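Okay, data-v3.cif now, which holds mmCIF, C-alpha atoms:
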```cif
data_start
loop_
_atom_site.label_atom_id
_atom_site.label_comp_id
_atom_site.auth_asym_id
_atom_site.auth_seq_id
_atom_site.Cartn_x
_atom_site.Cartn_y
_atom_site.Cartn_z
CA MET A 294 91.54 -16.57 19.98
CA THR A 295 91.64 -12.85 20.67
CA TYR A 296 94.84 -10.94 20.07
CA LYS A 297 95.85 -7.88 22.03
CA VAL A 298 96.01 -4.69 19.93
CA LEU A 299 98.65 -2.18 21.06
CA LEU A 300 99.30 1.25 19.60
CA THR A 301 102.83 2.58 19.41
CA ASP A 302 103.32 6.13 20.68
CA ASP A 303 103.42 7.32 17.07
CA ALA A 304 100.14 5.59 16.21
CA ALA A 305 98.44 7.03 19.32
CA ARG A 306 99.67 10.47 18.28
CA ASP A 307 98.37 9.85 14.74
CA LEU A 308 94.93 9.08 16.15
CA GLU A 309 94.90 12.18 18.36
CA GLU A 310 96.05 14.43 15.51
CA LEU A 311 93.51 12.94 13.11
CA HIS A 312 90.69 13.50 15.59
CA ARG A 313 91.78 17.08 16.24
CA TYR A 314 92.13 17.86 12.53
CA ILE A 315 88.68 16.52 11.63
CA ALA A 316 87.09 18.34 14.58
CA GLU A 317 88.68 21.62 13.45
CA GLN A 318 87.97 21.19 9.74
CA ASP A 319 84.51 19.60 10.06
CA THR A 320 82.70 18.87 13.31
CA LEU A 321 83.37 17.11 16.58
CA ASP A 322 80.67 14.58 15.66
CA ALA A 323 82.49 13.77 12.40
CA ALA A 324 85.78 13.39 14.29
CA ASP A 325 84.12 11.10 16.85
CA HIS A 326 82.58 9.02 14.03
CA VAL A 327 85.98 8.46 12.39
CA LEU A 328 87.52 7.57 15.75
CA ASP A 329 84.71 5.05 16.42
CA ARG A 330 85.20 3.45 13.00
CA ILE A 331 88.96 3.16 13.48
CA GLU A 332 88.39 1.59 16.89
CA LYS A 333 86.18 -0.99 15.13
CA VAL A 334 89.13 -1.70 12.85
CA PHE A 335 91.20 -2.39 15.98
CA MET A 336 88.52 -4.77 17.27
CA SER A 337 88.52 -6.62 13.94
CA LEU A 338 92.31 -6.94 14.14
CA ALA A 339 91.97 -8.44 17.61
CA ALA A 340 89.82 -11.18 16.10
CA LEU A 341 91.47 -11.62 12.69
CA PRO A 342 94.91 -10.02 12.51
CA GLU A 343 95.99 -12.04 9.47
CA ARG A 344 93.31 -10.42 7.29
CA GLY A 345 95.49 -7.47 6.30
CA HIS A 346 97.96 -7.50 3.45
CA PRO A 347 101.45 -6.01 3.08
CA PRO A 348 101.42 -2.32 2.10
CA LYS A 349 102.44 -2.08 -1.56
CA GLU A 350 105.13 0.51 -0.74
CA LEU A 351 106.83 -1.89 1.68
CA ALA A 352 106.22 -5.04 -0.36
CA ALA A 353 108.08 -3.39 -3.25
CA LEU A 354 111.10 -3.22 -0.93
CA GLY A 355 110.74 -6.87 0.07
CA LEU A 356 109.29 -6.05 3.50
CA ARG A 357 106.32 -8.30 4.11
CA GLU A 358 106.14 -8.41 7.91
CA PHE A 359 103.93 -5.33 8.07
CA ARG A 360 100.26 -5.47 7.13
CA GLU A 361 97.56 -2.92 6.50
CA VAL A 362 93.80 -2.60 6.68
CA PHE A 363 91.64 0.27 5.56
CA PHE A 364 88.85 2.49 6.76
CA LYS A 365 88.97 4.56 3.59
CA PRO A 366 90.71 6.82 3.09
CA TYR A 367 92.62 5.89 6.26
CA ARG A 368 95.25 3.19 6.36
CA VAL A 369 96.19 1.31 9.52
CA ILE A 370 99.68 -0.23 9.30
CA TYR A 371 100.48 -2.93 11.83
CA ARG A 372 102.64 -5.91 12.59
CA LEU A 373 101.69 -9.20 14.22
CA ILE A 374 104.24 -10.38 16.79
CA ASP A 375 103.39 -13.50 18.75
CA LYS A 376 99.81 -12.97 19.92
CA GLN A 377 99.91 -9.18 19.81
CA VAL A 378 99.06 -6.69 17.07
CA TYR A 379 101.26 -3.59 17.11
CA VAL A 380 99.78 -0.62 15.25
CA TYR A 381 102.56 1.61 13.90
CA LEU A 382 100.75 4.10 11.70
CA ILE A 383 97.29 5.52 11.12
CA ALA A 384 97.23 7.89 8.16
CA ASP A 385 95.14 9.29 5.37
CA GLY A 386 96.05 7.19 2.36
CA ARG A 387 96.06 10.28 0.14
CA ARG A 388 99.27 11.44 1.80
CA ASP A 389 102.73 10.66 0.46
CA MET A 390 102.77 7.22 2.00
CA GLN A 391 106.15 6.22 0.55
CA THR A 392 107.90 9.01 2.47
CA LEU A 393 105.76 8.56 5.58
CA LEU A 394 106.39 4.81 5.75
CA ALA A 395 110.10 5.22 5.10
CA ARG A 396 110.42 7.81 7.85
CA ARG A 397 108.33 5.88 10.35
CA LEU A 398 109.19 2.22 9.72
CA LEU A 399 112.56 2.01 8.00
#
```

Take the structure in the file and write it out as structure tokens.
Amino acid sequence: MTYKVLLTDDAARDLEELHRYIAEQDTLDAADHVLDRIEKVFMSLAALPERGHPPKELAALGLREFREVFFKPYRVIYRLIDKQVYVYLIADGRRDMQTLLARRLL
């Protein structure tokens, strides 16, 4: 069964900002490569959404409904609701994820 993958407005903005940042700091080709790889992550979630695990920052708070997968160093945080995958956050895992997750999801 294929699940539908939907990006929240925040996640779509994360993706746009990430692409813009990499294009400015590196090259447009590098930015396009990262975008392609993250889109492959979305395709894998459409096929196997249960494969992710709870982010350690949220699991420590007892929140286990969110999951994450990686395209290192990027983390994709999502939630499976019915037959849809909602992506809430796409971020460089080297950031202060505790603060970012608290601000975005709590």

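Closest approach to A:Ala340 among A:Val298, A:Leu399, A:Leu382, A:Val327 is made by A:Val298 (distances from only C-alpha atoms).
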
Explicit residue set for the PyMOL selection byres ((chain A and resi 303) around 12), as JSON, numbers by chain: {"A": [299, 300, 301, 302, 304, 305, 306, 307, 308, 309, 310, 370, 371, 379, 380, 381, 382, 383, 384, 393, 394, 396, 397, 398]}

Contact residues around A:Tyr296 with all atoms listed in the file at 8 Å, ignoring same-chain residues under 6 positions, as a PyMOL selection string: chain A and resi 338-340+342+376-378

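One finds atom CA of A:Glu361 at 22.3 Å from atom CA of A:Tyr314.
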
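Interatomic distance, atom CA of A:Leu354 to atom CA of A:Leu341: 25.3 Å.
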
10 Å contact set for A:Gln391, all atoms listed in the file, chain neighbours under 5 positions out, as JSON, numbers by chain: {"A": [348, 349, 350, 351, 396]}

Counting only C-alpha atoms, the residue of A:Leu373, A:Ile315, A:Ala353, A:Val362 that sits nearest A:Val334: A:Val362

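In this structure, atom CA of A:Thr295 sits 15.3 Å away from atom CA of A:Glu332.
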
Hits from the PyMOL selection byres ((chain A and resi 358) around 10), listed as a ChimeraX atom specification: /A:346-348,351-352,355-357,359-360,371-374

Output of the above residues as a short mmCIF file (atom, residue, chain, number, x, y, z; two decimals), in the coordinates of the input, restricted to C-alpha atoms:
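Dumped to out_26.cif:
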```cif
data_model
loop_
_atom_site.label_atom_id
_atom_site.label_comp_id
_atom_site.auth_asym_id
_atom_site.auth_seq_id
_atom_site.Cartn_x
_atom_site.Cartn_y
_atom_site.Cartn_z
CA HIS A 346 97.96 -7.50 3.45
CA PRO A 347 101.45 -6.01 3.08
CA PRO A 348 101.42 -2.32 2.10
CA LEU A 351 106.83 -1.89 1.68
CA ALA A 352 106.22 -5.04 -0.36
CA GLY A 355 110.74 -6.87 0.07
CA LEU A 356 109.29 -6.05 3.50
CA ARG A 357 106.32 -8.30 4.11
CA PHE A 359 103.93 -5.33 8.07
CA ARG A 360 100.26 -5.47 7.13
CA TYR A 371 100.48 -2.93 11.83
CA ARG A 372 102.64 -5.91 12.59
CA LEU A 373 101.69 -9.20 14.22
CA ILE A 374 104.24 -10.38 16.79
#
```
